[in-house]
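Enquirer: One structure, pasted below without further comment.
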Amino acid sequence: MLLVAKKKRERENTKKIVFYDTDSRHVELKVHLAHDKLSQAEFYRAVLTGYIKKDPDMLAFVDKLKASKKVGEPIKKKDINRSRKLIKDGDETMAKLGLAEDDIENIFDILEQANPDL
(Lines give C-alpha, C1' and ligand atoms only; values in the text may rest on other atoms or scores of the structure.)
Protein backbone atom coordinates (compact mmCIF):
# COMPACT_ATOMS: atom_id res chain seq x y z
CA MET A 1 0.00 0.00 0.00
CA LEU A 2 2.87 2.38 0.77
CA LEU A 3 4.38 1.79 -2.66
CA VAL A 4 1.07 2.66 -4.36
CA ALA A 5 0.78 5.88 -2.35
CA LYS A 6 4.36 6.83 -3.16
CA LYS A 7 3.83 6.23 -6.90
CA LYS A 8 0.64 8.30 -6.80
CA ARG A 9 2.50 11.19 -5.12
CA GLU A 10 5.28 10.96 -7.71
CA ARG A 11 2.73 11.14 -10.54
CA GLU A 12 1.04 14.14 -8.95
CA ASN A 13 4.33 16.04 -9.09
CA THR A 14 5.04 15.28 -12.74
CA LYS A 15 3.95 16.70 -16.07
CA LYS A 16 3.61 14.91 -19.35
CA ILE A 17 5.45 16.52 -22.26
CA VAL A 18 4.11 15.66 -25.70
CA PHE A 19 4.90 16.82 -29.22
CA TYR A 20 4.44 15.47 -32.70
CA ASP A 21 6.96 14.62 -35.39
CA THR A 22 7.05 12.51 -38.53
CA ASP A 23 7.01 8.72 -38.51
CA SER A 24 10.39 8.55 -40.21
CA ARG A 25 12.08 10.82 -37.65
CA HIS A 26 10.53 8.79 -34.84
CA VAL A 27 11.95 5.59 -36.33
CA GLU A 28 15.38 7.23 -36.68
CA LEU A 29 15.22 8.39 -33.08
CA LYS A 30 14.31 4.91 -31.82
CA VAL A 31 17.17 3.35 -33.82
CA HIS A 32 19.73 5.83 -32.49
CA LEU A 33 18.47 5.48 -28.92
CA ALA A 34 18.60 1.69 -29.15
CA HIS A 35 22.17 1.91 -30.45
CA ASP A 36 23.11 4.15 -27.51
CA LYS A 37 21.11 1.98 -25.08
CA LEU A 38 18.92 4.89 -23.96
CA SER A 39 15.20 5.12 -23.47
CA GLN A 40 13.26 8.08 -24.84
CA ALA A 41 12.54 9.22 -21.29
CA GLU A 42 16.23 9.09 -20.31
CA PHE A 43 17.20 11.00 -23.43
CA TYR A 44 14.63 13.77 -23.08
CA ARG A 45 15.19 14.15 -19.34
CA ALA A 46 18.95 14.46 -19.93
CA VAL A 47 18.40 17.10 -22.64
CA LEU A 48 16.04 19.04 -20.37
CA THR A 49 18.49 18.83 -17.47
CA GLY A 50 21.35 20.06 -19.67
CA TYR A 51 19.25 22.99 -20.85
CA ILE A 52 17.92 23.90 -17.40
CA LYS A 53 21.33 23.55 -15.71
CA LYS A 54 22.95 25.61 -18.49
CA ASP A 55 25.35 22.90 -19.63
CA PRO A 56 27.87 24.66 -21.92
CA ASP A 57 27.53 22.01 -24.63
CA MET A 58 23.75 22.28 -24.60
CA LEU A 59 23.89 26.08 -24.62
CA ALA A 60 26.23 25.99 -27.63
CA PHE A 61 23.67 23.84 -29.43
CA VAL A 62 20.83 26.19 -28.43
CA ASP A 63 22.86 29.15 -29.66
CA LYS A 64 23.21 27.49 -33.08
CA LEU A 65 19.51 26.74 -33.02
CA LYS A 66 18.58 30.33 -32.17
CA ALA A 67 20.94 31.72 -34.80
CA SER A 68 19.39 29.56 -37.52
CA LYS A 69 16.32 30.62 -39.42
CA LYS A 70 14.73 27.20 -38.98
CA VAL A 71 13.35 27.68 -35.47
CA GLY A 72 11.58 30.79 -34.28
CA GLU A 73 12.99 34.18 -35.08
CA PRO A 74 16.74 34.29 -35.72
CA ILE A 75 18.69 35.99 -32.95
CA LYS A 76 21.73 38.13 -33.63
CA LYS A 77 25.11 36.77 -32.61
CA LYS A 78 25.78 39.82 -30.38
CA ASP A 79 22.56 39.15 -28.45
CA ILE A 80 23.55 35.50 -27.98
CA ASN A 81 27.01 36.55 -26.78
CA ARG A 82 25.49 39.08 -24.37
CA SER A 83 23.19 36.41 -22.96
CA ARG A 84 26.09 33.96 -22.48
CA LYS A 85 28.14 36.70 -20.76
CA LEU A 86 25.29 37.34 -18.33
CA ILE A 87 25.09 33.63 -17.51
CA LYS A 88 28.86 33.46 -17.01
CA ASP A 89 28.82 36.59 -14.81
CA GLY A 90 25.99 35.11 -12.73
CA ASP A 91 27.90 31.87 -12.25
CA GLU A 92 31.01 33.81 -11.18
CA THR A 93 28.97 35.87 -8.71
CA MET A 94 27.47 32.71 -7.21
CA ALA A 95 30.96 31.24 -6.88
CA LYS A 96 32.24 34.41 -5.18
CA LEU A 97 29.34 34.29 -2.73
CA GLY A 98 29.97 30.62 -2.12
CA LEU A 99 26.50 29.61 -3.25
CA ALA A 100 26.10 26.13 -4.62
CA GLU A 101 23.01 24.78 -6.39
CA ASP A 102 21.96 22.98 -3.18
CA ASP A 103 22.24 26.23 -1.21
CA ILE A 104 19.93 27.97 -3.64
CA GLU A 105 17.41 25.12 -3.43
CA ASN A 106 17.55 25.35 0.37
CA ILE A 107 16.89 29.10 0.24
CA PHE A 108 13.84 28.52 -1.94
CA ASP A 109 12.63 25.74 0.39
CA ILE A 110 12.95 28.05 3.40
CA LEU A 111 11.10 30.84 1.58
CA GLU A 112 8.35 28.43 0.56
CA GLN A 113 7.93 27.17 4.14
CA ALA A 114 7.85 30.69 5.52
CA ASN A 115 5.41 31.92 2.84
CA PRO A 116 3.17 29.01 1.80
CA ASP A 117 0.79 31.40 -0.03
CA LEU A 118 3.42 32.35 -2.63
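Ordered as shown in the C-alpha coordinates, chains take letters A, B, and onward, while each chain numbers its residues from 1 and ligands are numbered from 1 in the order shown.
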Enumerate the residues of range 3-111 of chain A with a DSSP assignment of alpha helix (DSSP H), computed from the backbone, and present them as a PyMOL selection string.

Expert: chain A and resi 3-12+23-35+40-52+56-67+77-97+101-111

Enquirer: Find the distance between CA of Gly90 in chain A and CA of Lys77 in chain A and write it in Å to one decimal.

Expert: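 Here the two named atoms are 20.0 Å from each other.
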
Enquirer: Between CA of Arg25 in chain A and CA of Arg11 in chain A, what is the distance in Å, rounded to a tenth?

Expert: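 Going from CA of Arg25 in chain A over to CA of Arg11 in chain A, I get 28.7 Å.
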
Enquirer: Work out how far apart CA of Asp79 in chain A and CA of Leu48 in chain A are and give it in Å to one decimal.

Expert: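 Rounded to one decimal, the two atoms are 22.6 Å apart.
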
Enquirer: Quick one: residues within 12 Å of Val47 in chain A, only C-alpha atoms, excluding same-chain residues fewer than 6 positions away - as a VMD selection string?

Expert: chain A and resid 40 to 41 53 to 55 57 to 59 61 to 62
